[in-house]
>>> print(open('final_39.pdb').read())   # PDB, C-alpha atoms
ATOM      1  CA  MET A   1       0.000   0.000   0.000  1.00  0.00           C
ATOM      2  CA  THR A   2       1.478   3.315  -1.053  1.00  0.00           C
ATOM      3  CA  MET A   3       0.956   6.198   1.338  1.00  0.00           C
ATOM      4  CA  ASN A   4       0.911   9.866   0.528  1.00  0.00           C
ATOM      5  CA  LEU A   5       1.063  11.115   4.116  1.00  0.00           C
ATOM      6  CA  HIS A   6       0.931  14.791   4.878  1.00  0.00           C
ATOM      7  CA  PHE A   7      -0.237  17.040   7.696  1.00  0.00           C
ATOM      8  CA  GLU A   8      -2.782  19.855   7.520  1.00  0.00           C
ATOM      9  CA  PRO A   9      -3.389  22.328  10.342  1.00  0.00           C
ATOM     10  CA  VAL A  10      -6.780  21.863  11.988  1.00  0.00           C
ATOM     11  CA  ASN A  11      -8.920  24.799  10.908  1.00  0.00           C
ATOM     12  CA  PRO A  12     -12.632  25.681  10.785  1.00  0.00           C
ATOM     13  CA  ALA A  13     -13.036  23.822   7.473  1.00  0.00           C
ATOM     14  CA  ASN A  14     -11.745  20.429   8.731  1.00  0.00           C
ATOM     15  CA  ARG A  15     -12.197  20.685  12.511  1.00  0.00           C
ATOM     16  CA  GLU A  16     -15.492  18.815  12.756  1.00  0.00           C
ATOM     17  CA  GLU A  17     -14.203  15.920  10.647  1.00  0.00           C
ATOM     18  CA  VAL A  18     -10.983  15.789  12.695  1.00  0.00           C
ATOM     19  CA  GLU A  19     -12.934  15.882  15.981  1.00  0.00           C
ATOM     20  CA  ASN A  20     -14.954  12.861  14.850  1.00  0.00           C
ATOM     21  CA  LEU A  21     -11.879  10.601  14.625  1.00  0.00           C
ATOM     22  CA  GLN A  22     -12.064   7.765  17.140  1.00  0.00           C
ATOM     23  CA  ALA A  23      -9.766   5.276  18.774  1.00  0.00           C
ATOM     24  CA  LEU A  24     -10.708   1.634  19.204  1.00  0.00           C
ATOM     25  CA  PRO A  25     -12.902   0.889  22.256  1.00  0.00           C
ATOM     26  CA  GLU A  26     -10.001  -0.847  24.051  1.00  0.00           C
ATOM     27  CA  GLN A  27      -7.909   2.323  23.589  1.00  0.00           C
ATOM     28  CA  THR A  28     -10.425   4.519  25.409  1.00  0.00           C
ATOM     29  CA  GLY A  29      -8.725   6.280  28.287  1.00  0.00           C
ATOM     30  CA  MET A  30      -5.266   6.009  26.748  1.00  0.00           C
ATOM     31  CA  ILE A  31      -5.654   9.277  24.843  1.00  0.00           C
ATOM     32  CA  GLU A  32      -7.956  12.228  25.259  1.00  0.00           C
ATOM     33  CA  SER A  33     -10.646  12.642  22.615  1.00  0.00           C
ATOM     34  CA  VAL A  34      -9.695  14.853  19.693  1.00  0.00           C
ATOM     35  CA  ARG A  35     -12.362  17.310  20.867  1.00  0.00           C
ATOM     36  CA  GLU A  36     -10.622  17.541  24.278  1.00  0.00           C
ATOM     37  CA  CYS A  37      -7.265  18.052  22.532  1.00  0.00           C
ATOM     38  CA  MET A  38      -8.726  20.828  20.402  1.00  0.00           C
ATOM     39  CA  LEU A  39     -10.153  22.598  23.448  1.00  0.00           C
ATOM     40  CA  GLU A  40      -6.669  22.484  24.984  1.00  0.00           C
ATOM     41  CA  ALA A  41      -5.152  23.812  21.741  1.00  0.00           C
ATOM     42  CA  ASP A  42      -7.709  26.643  21.753  1.00  0.00           C
ATOM     43  CA  THR A  43      -6.370  27.825  25.123  1.00  0.00           C
ATOM     44  CA  LEU A  44      -2.617  27.100  24.756  1.00  0.00           C
ATOM     45  CA  GLN A  45      -1.047  28.756  21.740  1.00  0.00           C
ATOM     46  CA  GLU A  46       2.007  26.467  21.938  1.00  0.00           C
ATOM     47  CA  TRP A  47      -0.031  23.507  20.644  1.00  0.00           C
ATOM     48  CA  ARG A  48      -0.126  22.772  16.916  1.00  0.00           C
ATOM     49  CA  PRO A  49      -3.015  20.401  16.085  1.00  0.00           C
ATOM     50  CA  VAL A  50      -2.839  18.729  12.668  1.00  0.00           C
ATOM     51  CA  GLY A  51      -4.901  16.274  10.684  1.00  0.00           C
ATOM     52  CA  ILE A  52      -2.965  13.318   9.288  1.00  0.00           C
ATOM     53  CA  TYR A  53      -3.953  12.712   5.685  1.00  0.00           C
ATOM     54  CA  ASP A  54      -3.213  10.019   3.129  1.00  0.00           C
ATOM     55  CA  GLY A  55      -3.861  11.948  -0.051  1.00  0.00           C
ATOM     56  CA  ASP A  56      -7.292  13.501   0.503  1.00  0.00           C
ATOM     57  CA  MET A  57      -8.345  10.966   3.154  1.00  0.00           C
ATOM     58  CA  LEU A  58      -8.187  11.951   6.825  1.00  0.00           C
ATOM     59  CA  VAL A  59      -6.667   9.022   8.731  1.00  0.00           C
ATOM     60  CA  GLY A  60      -5.603  10.556  12.039  1.00  0.00           C
ATOM     61  CA  PHE A  61      -4.757  13.445  14.309  1.00  0.00           C
ATOM     62  CA  ALA A  62      -1.623  14.682  16.021  1.00  0.00           C
ATOM     63  CA  MET A  63      -0.812  17.574  18.306  1.00  0.00           C
ATOM     64  CA  TYR A  64       2.644  18.876  19.059  1.00  0.00           C
ATOM     65  CA  GLY A  65       4.308  21.951  20.463  1.00  0.00           C
ATOM     66  CA  HIS A  66       7.366  23.654  21.904  1.00  0.00           C
ATOM     67  CA  PHE A  67       7.375  24.651  25.567  1.00  0.00           C
ATOM     68  CA  SER A  68       9.783  26.919  27.408  1.00  0.00           C
ATOM     69  CA  ASP A  69      10.513  24.373  30.165  1.00  0.00           C
ATOM     70  CA  PRO A  70      13.127  23.274  30.934  1.00  0.00           C
ATOM     71  CA  GLN A  71      14.929  26.576  30.673  1.00  0.00           C
ATOM     72  CA  PRO A  72      16.771  27.853  28.746  1.00  0.00           C
ATOM     73  CA  GLU A  73      16.178  25.824  25.567  1.00  0.00           C
ATOM     74  CA  GLY A  74      12.733  24.352  26.203  1.00  0.00           C
ATOM     75  CA  SER A  75      11.387  21.052  24.925  1.00  0.00           C
ATOM     76  CA  VAL A  76       9.425  19.801  21.933  1.00  0.00           C
ATOM     77  CA  TRP A  77       6.508  17.451  22.592  1.00  0.00           C
ATOM     78  CA  LEU A  78       4.691  15.073  20.290  1.00  0.00           C
ATOM     79  CA  ASP A  79       1.774  15.196  22.639  1.00  0.00           C
ATOM     80  CA  ARG A  80      -0.993  13.307  20.910  1.00  0.00           C
ATOM     81  CA  ILE A  81      -1.228  10.951  18.007  1.00  0.00           C
ATOM     82  CA  LEU A  82      -4.337   9.051  17.061  1.00  0.00           C
ATOM     83  CA  ILE A  83      -5.003   6.963  13.986  1.00  0.00           C
ATOM     84  CA  ASP A  84      -8.745   6.557  13.416  1.00  0.00           C
ATOM     85  CA  ARG A  85      -9.982   3.078  14.259  1.00  0.00           C
ATOM     86  CA  LYS A  86     -10.949   2.463  10.605  1.00  0.00           C
ATOM     87  CA  HIS A  87      -7.329   3.040   9.552  1.00  0.00           C
ATOM     88  CA  GLN A  88      -5.392   1.246  12.283  1.00  0.00           C
ATOM     89  CA  LYS A  89      -3.113  -1.746  11.591  1.00  0.00           C
ATOM     90  CA  LYS A  90      -2.207  -0.374   8.148  1.00  0.00           C
ATOM     91  CA  GLY A  91       1.145   1.223   9.024  1.00  0.00           C
ATOM     92  CA  TYR A  92      -0.151   4.775   9.411  1.00  0.00           C
ATOM     93  CA  GLY A  93       0.936   5.125  13.026  1.00  0.00           C
ATOM     94  CA  LYS A  94       4.555   4.240  12.331  1.00  0.00           C
ATOM     95  CA  ALA A  95       4.711   6.336   9.146  1.00  0.00           C
ATOM     96  CA  ALA A  96       3.073   9.305  10.862  1.00  0.00           C
ATOM     97  CA  VAL A  97       5.401   9.220  13.884  1.00  0.00           C
ATOM     98  CA  LEU A  98       8.477   9.020  11.629  1.00  0.00           C
ATOM     99  CA  ALA A  99       7.229  11.938   9.515  1.00  0.00           C
ATOM    100  CA  LEU A 100       6.332  13.949  12.621  1.00  0.00           C
ATOM    101  CA  LEU A 101       9.767  13.398  14.180  1.00  0.00           C
ATOM    102  CA  GLU A 102      11.371  14.797  11.042  1.00  0.00           C
ATOM    103  CA  ARG A 103       8.891  17.693  10.892  1.00  0.00           C
ATOM    104  CA  LEU A 104       9.284  18.650  14.561  1.00  0.00           C
ATOM    105  CA  SER A 105      13.077  18.494  14.412  1.00  0.00           C
ATOM    106  CA  ARG A 106      13.076  20.711  11.323  1.00  0.00           C
ATOM    107  CA  GLU A 107      10.328  23.094  12.505  1.00  0.00           C
ATOM    108  CA  TYR A 108      11.833  23.740  15.936  1.00  0.00           C
ATOM    109  CA  GLY A 109      15.509  23.100  15.243  1.00  0.00           C
ATOM    110  CA  LYS A 110      15.672  20.526  18.062  1.00  0.00           C
ATOM    111  CA  ASN A 111      16.731  16.918  17.909  1.00  0.00           C
ATOM    112  CA  GLN A 112      15.164  15.739  21.170  1.00  0.00           C
ATOM    113  CA  ILE A 113      11.439  15.001  20.949  1.00  0.00           C
ATOM    114  CA  TYR A 114       9.400  14.037  24.004  1.00  0.00           C
ATOM    115  CA  LEU A 115       6.126  12.212  24.433  1.00  0.00           C
ATOM    116  CA  SER A 116       4.290  10.564  27.287  1.00  0.00           C
ATOM    117  CA  VAL A 117       2.380   7.311  27.343  1.00  0.00           C
ATOM    118  CA  TYR A 118       0.326   5.287  29.792  1.00  0.00           C
ATOM    119  CA  GLN A 119       2.198   2.182  30.917  1.00  0.00           C
ATOM    120  CA  SER A 120      -0.847   0.089  29.928  1.00  0.00           C
ATOM    121  CA  ASN A 121      -0.602   1.249  26.290  1.00  0.00           C
ATOM    122  CA  THR A 122       1.793  -1.527  25.322  1.00  0.00           C
ATOM    123  CA  ALA A 123       1.103  -1.302  21.570  1.00  0.00           C
ATOM    124  CA  ALA A 124       2.094   2.377  21.497  1.00  0.00           C
ATOM    125  CA  ILE A 125       5.150   1.755  23.700  1.00  0.00           C
ATOM    126  CA  SER A 126       6.315  -1.025  21.379  1.00  0.00           C
ATOM    127  CA  LEU A 127       5.933   1.245  18.329  1.00  0.00           C
ATOM    128  CA  TYR A 128       7.714   4.155  19.995  1.00  0.00           C
ATOM    129  CA  GLN A 129      10.596   1.919  21.081  1.00  0.00           C
ATOM    130  CA  GLN A 130      10.953   0.556  17.519  1.00  0.00           C
ATOM    131  CA  LEU A 131      11.289   4.171  16.363  1.00  0.00           C
ATOM    132  CA  GLY A 132      14.007   5.045  18.875  1.00  0.00           C
ATOM    133  CA  PHE A 133      12.096   6.399  21.868  1.00  0.00           C
ATOM    134  CA  GLN A 134      13.371   5.442  25.312  1.00  0.00           C
ATOM    135  CA  PHE A 135      11.926   5.990  28.769  1.00  0.00           C
ATOM    136  CA  ASN A 136      13.794   8.709  30.668  1.00  0.00           C
ATOM    137  CA  GLY A 137      12.534   7.656  34.114  1.00  0.00           C
ATOM    138  CA  GLU A 138      10.249  10.686  34.499  1.00  0.00           C
ATOM    139  CA  TYR A 139       6.467  11.056  34.633  1.00  0.00           C
ATOM    140  CA  ASP A 140       4.228  13.839  33.350  1.00  0.00           C
ATOM    141  CA  THR A 141       1.551  15.628  35.393  1.00  0.00           C
ATOM    142  CA  LYS A 142      -1.014  12.916  34.537  1.00  0.00           C
ATOM    143  CA  GLY A 143       1.210  10.043  35.659  1.00  0.00           C
ATOM    144  CA  GLU A 144       2.178   9.010  32.138  1.00  0.00           C
ATOM    145  CA  LYS A 145       5.727   7.784  31.575  1.00  0.00           C
ATOM    146  CA  ILE A 146       7.874  10.164  29.547  1.00  0.00           C
ATOM    147  CA  MET A 147       9.819   8.898  26.543  1.00  0.00           C
ATOM    148  CA  VAL A 148      12.412  10.799  24.527  1.00  0.00           C
ATOM    149  CA  CYS A 149      13.833  10.267  21.050  1.00  0.00           C
ATOM    150  CA  THR A 150      16.954  11.854  19.630  1.00  0.00           C
ATOM    151  CA  VAL A 151      16.239  12.561  15.966  1.00  0.00           C
ATOM    152  CA  GLY A 152      19.065  12.197  13.495  1.00  0.00           C
ATOM    153  CA  SER A 153      21.481  10.850  16.089  1.00  0.00           C
ATOM    154  CA  ASN A 154      23.044   8.654  13.412  1.00  0.00           C
ATOM    155  CA  ALA A 155      23.053  11.358  10.771  1.00  0.00           C
ATOM    156  CA  ASN A 156      25.737  13.901   9.960  1.00  0.00           C
ATOM    157  CA  HIS A 157      28.641  11.921  11.413  1.00  0.00           C
ATOM    158  CA  SER A 158      30.983  12.538   8.529  1.00  0.00           C
TER     159      SER A 158
END
>>> encode(input="final_39.pdb", output="structure tokens")
Amino acid sequence: MTMNLHFEPVNPANREEVENLQALPEQTGMIESVRECMLEADTLQEWRPVGIYDGDMLVGFAMYGHFSDPQPEGSVWLDRILIDRKHQKKGYGKAAVLALLERLSREYGKNQIYLSVYQSNTAAISLYQQLGFQFNGEYDTKGEKIMVCTVGSNANHS
């Protein structure tokens, strides 16, 4: 299956469709609903919510941002990623995370990307570990374990 993945900012034209994306029932509680994410993005300007598209087809949602803590350089977070239940198990999650890591590194000029995950979300943890994320021993404010990935750590060693 050939993918033509790209990201579009959530805007008034696509917001309702994006907010209707859903996880599988067994994933409930492992990620906030897209509507909850969007409400958070409405109040915190640091967040960048995007629809994940394969061509013209909306397949998922992600939200990322750069925060000033820890000082002085801050940190970049891949805070949410959700592939709609109709499109799971097709490789979109892995492809989207890889593309987002590249995008975030380029957009913010940082090579360390953080995310947090519930310990019970073993499928997500397995994917993140395959892509180079490692636990750093810390927890976020919701009790999720924090993972960090160094983007391009094998690149530019000439």
>>> closest_atom_pairs(input="final_39.pdb", of="segment 77-96 of chain A", to="segment 115-120 of chain A", cutoff="6 Å", atoms="all atoms listed in the file", output="tab-separated table")
residue	atom	partner	partner_atom	distance
A:Trp77	CA	A:Leu115	CA	5.6
A:Leu78	CA	A:Leu115	CA	5.2
A:Asp79	CA	A:Leu115	CA	5.6
>>> resolve_selection(input="final_39.pdb", expression="the PyMOL selection byres ((chain A and resi 33) around 9)", output="mmCIF file with C-alpha atoms, keeping the file's coordinate frame")
data_model
loop_
_atom_site.group_PDB
_atom_site.id
_atom_site.type_symbol
_atom_site.label_atom_id
_atom_site.label_comp_id
_atom_site.auth_asym_id
_atom_site.auth_seq_id
_atom_site.Cartn_x
_atom_site.Cartn_y
_atom_site.Cartn_z
ATOM 1 C CA GLU A 19 -12.934 15.882 15.981
ATOM 2 C CA ASN A 20 -14.954 12.861 14.850
ATOM 3 C CA LEU A 21 -11.879 10.601 14.625
ATOM 4 C CA GLN A 22 -12.064 7.765 17.140
ATOM 5 C CA ALA A 23 -9.766 5.276 18.774
ATOM 6 C CA THR A 28 -10.425 4.519 25.409
ATOM 7 C CA GLY A 29 -8.725 6.280 28.287
ATOM 8 C CA ILE A 31 -5.654 9.277 24.843
ATOM 9 C CA GLU A 32 -7.956 12.228 25.259
ATOM 10 C CA VAL A 34 -9.695 14.853 19.693
ATOM 11 C CA ARG A 35 -12.362 17.310 20.867
ATOM 12 C CA GLU A 36 -10.622 17.541 24.278
ATOM 13 C CA CYS A 37 -7.265 18.052 22.532
ATOM 14 C CA MET A 38 -8.726 20.828 20.402
#
>>> closest_residue(input="final_39.pdb", among="A:Ser105, A:Ser75, A:Lys89, A:Val18", to="Ala62 of chain A", atoms="all atoms listed in the file")
A:Val18
>>> atom_distance(input="final_39.pdb", atom1="atom CA of Asn14 of chain A", atom2="atom CA of Gly55 of chain A")
14.5 Å
>>> closest_residue(input="final_39.pdb", among="A:Val97, A:Ala41, A:Val76, A:Leu5", to="Val59 of chain A", atoms="only C-alpha atoms")
A:Leu5
>>> resolve_selection(input="final_39.pdb", expression="the PyMOL selection byres ((chain A and resi 139) around 12)", output="list in words")
Tyr114, Leu115, Ser116, Val117, Tyr118, Gln119, Phe135, Asn136, Gly137, Glu138, Asp140, Thr141, Lys142, Gly143, Glu144, Lys145, Ile146, Met147 and Val148 of chain A
>>> resolve_selection(input="final_39.pdb", expression="the PyMOL selection byres ((chain A and resi 54) around 6)", output="PyMOL selection string")
chain A and resi 3-5+53+55-57
>>> atom_distance(input="final_39.pdb", atom1="atom CA of Gln129 of chain A", atom2="atom CA of Lys94 of chain A")
10.9 Å
>>> closest_residue(input="final_39.pdb", among="A:Ser68, A:Arg15, A:Val50, A:Ile113", to="Ala96 of chain A", atoms="only C-alpha atoms")
A:Val50
>>> residues_near_point(input="final_39.pdb", point="(3.6, 2.9, 10.2)", cutoff="12 Å", atoms="all atoms listed in the file", output="JSON, numbers by chain")
{"A": [1, 2, 3, 5, 83, 87, 88, 89, 90, 91, 92, 93, 94, 95, 96, 97, 98, 99, 100, 124, 127, 128, 130, 131]}
>>> closest_residue(input="final_39.pdb", among="A:Asp84, A:Glu102, A:Glu46, A:Glu26", to="Phe67 of chain A", atoms="only C-alpha atoms")
A:Glu46
>>> closest_residue(input="final_39.pdb", among="A:Met63, A:Leu58, A:Ile81, A:Leu104", to="Glu40 of chain A", atoms="all atoms listed in the file")
A:Met63
>>> atom_distance(input="final_39.pdb", atom1="atom CA of His66 of chain A", atom2="atom CA of Asn111 of chain A")
12.2 Å
>>> closest_residue(input="final_39.pdb", among="A:His6, A:Gly132, A:Leu101, A:Leu82", to="Phe61 of chain A", atoms="all atoms listed in the file")
A:Leu82
>>> axis_aligned_box(input="final_39.pdb", around="segment 50-66 of chain A", padding_each_side="8 Å", output="JSON")
{"center_x": -0.5, "center_y": 16.3, "center_z": 10.9, "size_x": 31.7, "size_y": 30.6, "size_z": 38.0}
>>> residues_around(input="final_39.pdb", residues="Asn121 of chain A", least_positions_apart="5", cutoff="9 Å", atoms="only C-alpha atoms", output="list of chain:residue names")
A:Gln27, A:Met30, A:Ser126
>>> decode(input="final_39.pdb", residues="segment 50-152 of chain A", atoms="C-alpha atoms", output="mmCIF file, in the first residue's frame")
data_model
loop_
_atom_site.group_PDB
_atom_site.id
_atom_site.type_symbol
_atom_site.label_atom_id
_atom_site.label_comp_id
_atom_site.auth_asym_id
_atom_site.auth_seq_id
_atom_site.Cartn_x
_atom_site.Cartn_y
_atom_site.Cartn_z
ATOM 1 C CA VAL A 50 -2.839 18.729 12.668
ATOM 2 C CA GLY A 51 -4.901 16.274 10.684
ATOM 3 C CA ILE A 52 -2.965 13.318 9.288
ATOM 4 C CA TYR A 53 -3.953 12.712 5.685
ATOM 5 C CA ASP A 54 -3.213 10.019 3.129
ATOM 6 C CA GLY A 55 -3.861 11.948 -0.051
ATOM 7 C CA ASP A 56 -7.292 13.501 0.503
ATOM 8 C CA MET A 57 -8.345 10.966 3.154
ATOM 9 C CA LEU A 58 -8.187 11.951 6.825
ATOM 10 C CA VAL A 59 -6.667 9.022 8.731
ATOM 11 C CA GLY A 60 -5.603 10.556 12.039
ATOM 12 C CA PHE A 61 -4.757 13.445 14.309
ATOM 13 C CA ALA A 62 -1.623 14.682 16.021
ATOM 14 C CA MET A 63 -0.812 17.574 18.306
ATOM 15 C CA TYR A 64 2.644 18.876 19.059
ATOM 16 C CA GLY A 65 4.308 21.951 20.463
ATOM 17 C CA HIS A 66 7.366 23.654 21.904
ATOM 18 C CA PHE A 67 7.375 24.651 25.567
ATOM 19 C CA SER A 68 9.783 26.919 27.408
ATOM 20 C CA ASP A 69 10.513 24.373 30.165
ATOM 21 C CA PRO A 70 13.127 23.274 30.934
ATOM 22 C CA GLN A 71 14.929 26.576 30.673
ATOM 23 C CA PRO A 72 16.771 27.853 28.746
ATOM 24 C CA GLU A 73 16.178 25.824 25.567
ATOM 25 C CA GLY A 74 12.733 24.352 26.203
ATOM 26 C CA SER A 75 11.387 21.052 24.925
ATOM 27 C CA VAL A 76 9.425 19.801 21.933
ATOM 28 C CA TRP A 77 6.508 17.451 22.592
ATOM 29 C CA LEU A 78 4.691 15.073 20.290
ATOM 30 C CA ASP A 79 1.774 15.196 22.639
ATOM 31 C CA ARG A 80 -0.993 13.307 20.910
ATOM 32 C CA ILE A 81 -1.228 10.951 18.007
ATOM 33 C CA LEU A 82 -4.337 9.051 17.061
ATOM 34 C CA ILE A 83 -5.003 6.963 13.986
ATOM 35 C CA ASP A 84 -8.745 6.557 13.416
ATOM 36 C CA ARG A 85 -9.982 3.078 14.259
ATOM 37 C CA LYS A 86 -10.949 2.463 10.605
ATOM 38 C CA HIS A 87 -7.329 3.040 9.552
ATOM 39 C CA GLN A 88 -5.392 1.246 12.283
ATOM 40 C CA LYS A 89 -3.113 -1.746 11.591
ATOM 41 C CA LYS A 90 -2.207 -0.374 8.148
ATOM 42 C CA GLY A 91 1.145 1.223 9.024
ATOM 43 C CA TYR A 92 -0.151 4.775 9.411
ATOM 44 C CA GLY A 93 0.936 5.125 13.026
ATOM 45 C CA LYS A 94 4.555 4.240 12.331
ATOM 46 C CA ALA A 95 4.711 6.336 9.146
ATOM 47 C CA ALA A 96 3.073 9.305 10.862
ATOM 48 C CA VAL A 97 5.401 9.220 13.884
ATOM 49 C CA LEU A 98 8.477 9.020 11.629
ATOM 50 C CA ALA A 99 7.229 11.938 9.515
ATOM 51 C CA LEU A 100 6.332 13.949 12.621
ATOM 52 C CA LEU A 101 9.767 13.398 14.180
ATOM 53 C CA GLU A 102 11.371 14.797 11.042
ATOM 54 C CA ARG A 103 8.891 17.693 10.892
ATOM 55 C CA LEU A 104 9.284 18.650 14.561
ATOM 56 C CA SER A 105 13.077 18.494 14.412
ATOM 57 C CA ARG A 106 13.076 20.711 11.323
ATOM 58 C CA GLU A 107 10.328 23.094 12.505
ATOM 59 C CA TYR A 108 11.833 23.740 15.936
ATOM 60 C CA GLY A 109 15.509 23.100 15.243
ATOM 61 C CA LYS A 110 15.672 20.526 18.062
ATOM 62 C CA ASN A 111 16.731 16.918 17.909
ATOM 63 C CA GLN A 112 15.164 15.739 21.170
ATOM 64 C CA ILE A 113 11.439 15.001 20.949
ATOM 65 C CA TYR A 114 9.400 14.037 24.004
ATOM 66 C CA LEU A 115 6.126 12.212 24.433
ATOM 67 C CA SER A 116 4.290 10.564 27.287
ATOM 68 C CA VAL A 117 2.380 7.311 27.343
ATOM 69 C CA TYR A 118 0.326 5.287 29.792
ATOM 70 C CA GLN A 119 2.198 2.182 30.917
ATOM 71 C CA SER A 120 -0.847 0.089 29.928
ATOM 72 C CA ASN A 121 -0.602 1.249 26.290
ATOM 73 C CA THR A 122 1.793 -1.527 25.322
ATOM 74 C CA ALA A 123 1.103 -1.302 21.570
ATOM 75 C CA ALA A 124 2.094 2.377 21.497
ATOM 76 C CA ILE A 125 5.150 1.755 23.700
ATOM 77 C CA SER A 126 6.315 -1.025 21.379
ATOM 78 C CA LEU A 127 5.933 1.245 18.329
ATOM 79 C CA TYR A 128 7.714 4.155 19.995
ATOM 80 C CA GLN A 129 10.596 1.919 21.081
ATOM 81 C CA GLN A 130 10.953 0.556 17.519
ATOM 82 C CA LEU A 131 11.289 4.171 16.363
ATOM 83 C CA GLY A 132 14.007 5.045 18.875
ATOM 84 C CA PHE A 133 12.096 6.399 21.868
ATOM 85 C CA GLN A 134 13.371 5.442 25.312
ATOM 86 C CA PHE A 135 11.926 5.990 28.769
ATOM 87 C CA ASN A 136 13.794 8.709 30.668
ATOM 88 C CA GLY A 137 12.534 7.656 34.114
ATOM 89 C CA GLU A 138 10.249 10.686 34.499
ATOM 90 C CA TYR A 139 6.467 11.056 34.633
ATOM 91 C CA ASP A 140 4.228 13.839 33.350
ATOM 92 C CA THR A 141 1.551 15.628 35.393
ATOM 93 C CA LYS A 142 -1.014 12.916 34.537
ATOM 94 C CA GLY A 143 1.210 10.043 35.659
ATOM 95 C CA GLU A 144 2.178 9.010 32.138
ATOM 96 C CA LYS A 145 5.727 7.784 31.575
ATOM 97 C CA ILE A 146 7.874 10.164 29.547
ATOM 98 C CA MET A 147 9.819 8.898 26.543
ATOM 99 C CA VAL A 148 12.412 10.799 24.527
ATOM 100 C CA CYS A 149 13.833 10.267 21.050
ATOM 101 C CA THR A 150 16.954 11.854 19.630
ATOM 102 C CA VAL A 151 16.239 12.561 15.966
ATOM 103 C CA GLY A 152 19.065 12.197 13.495
#
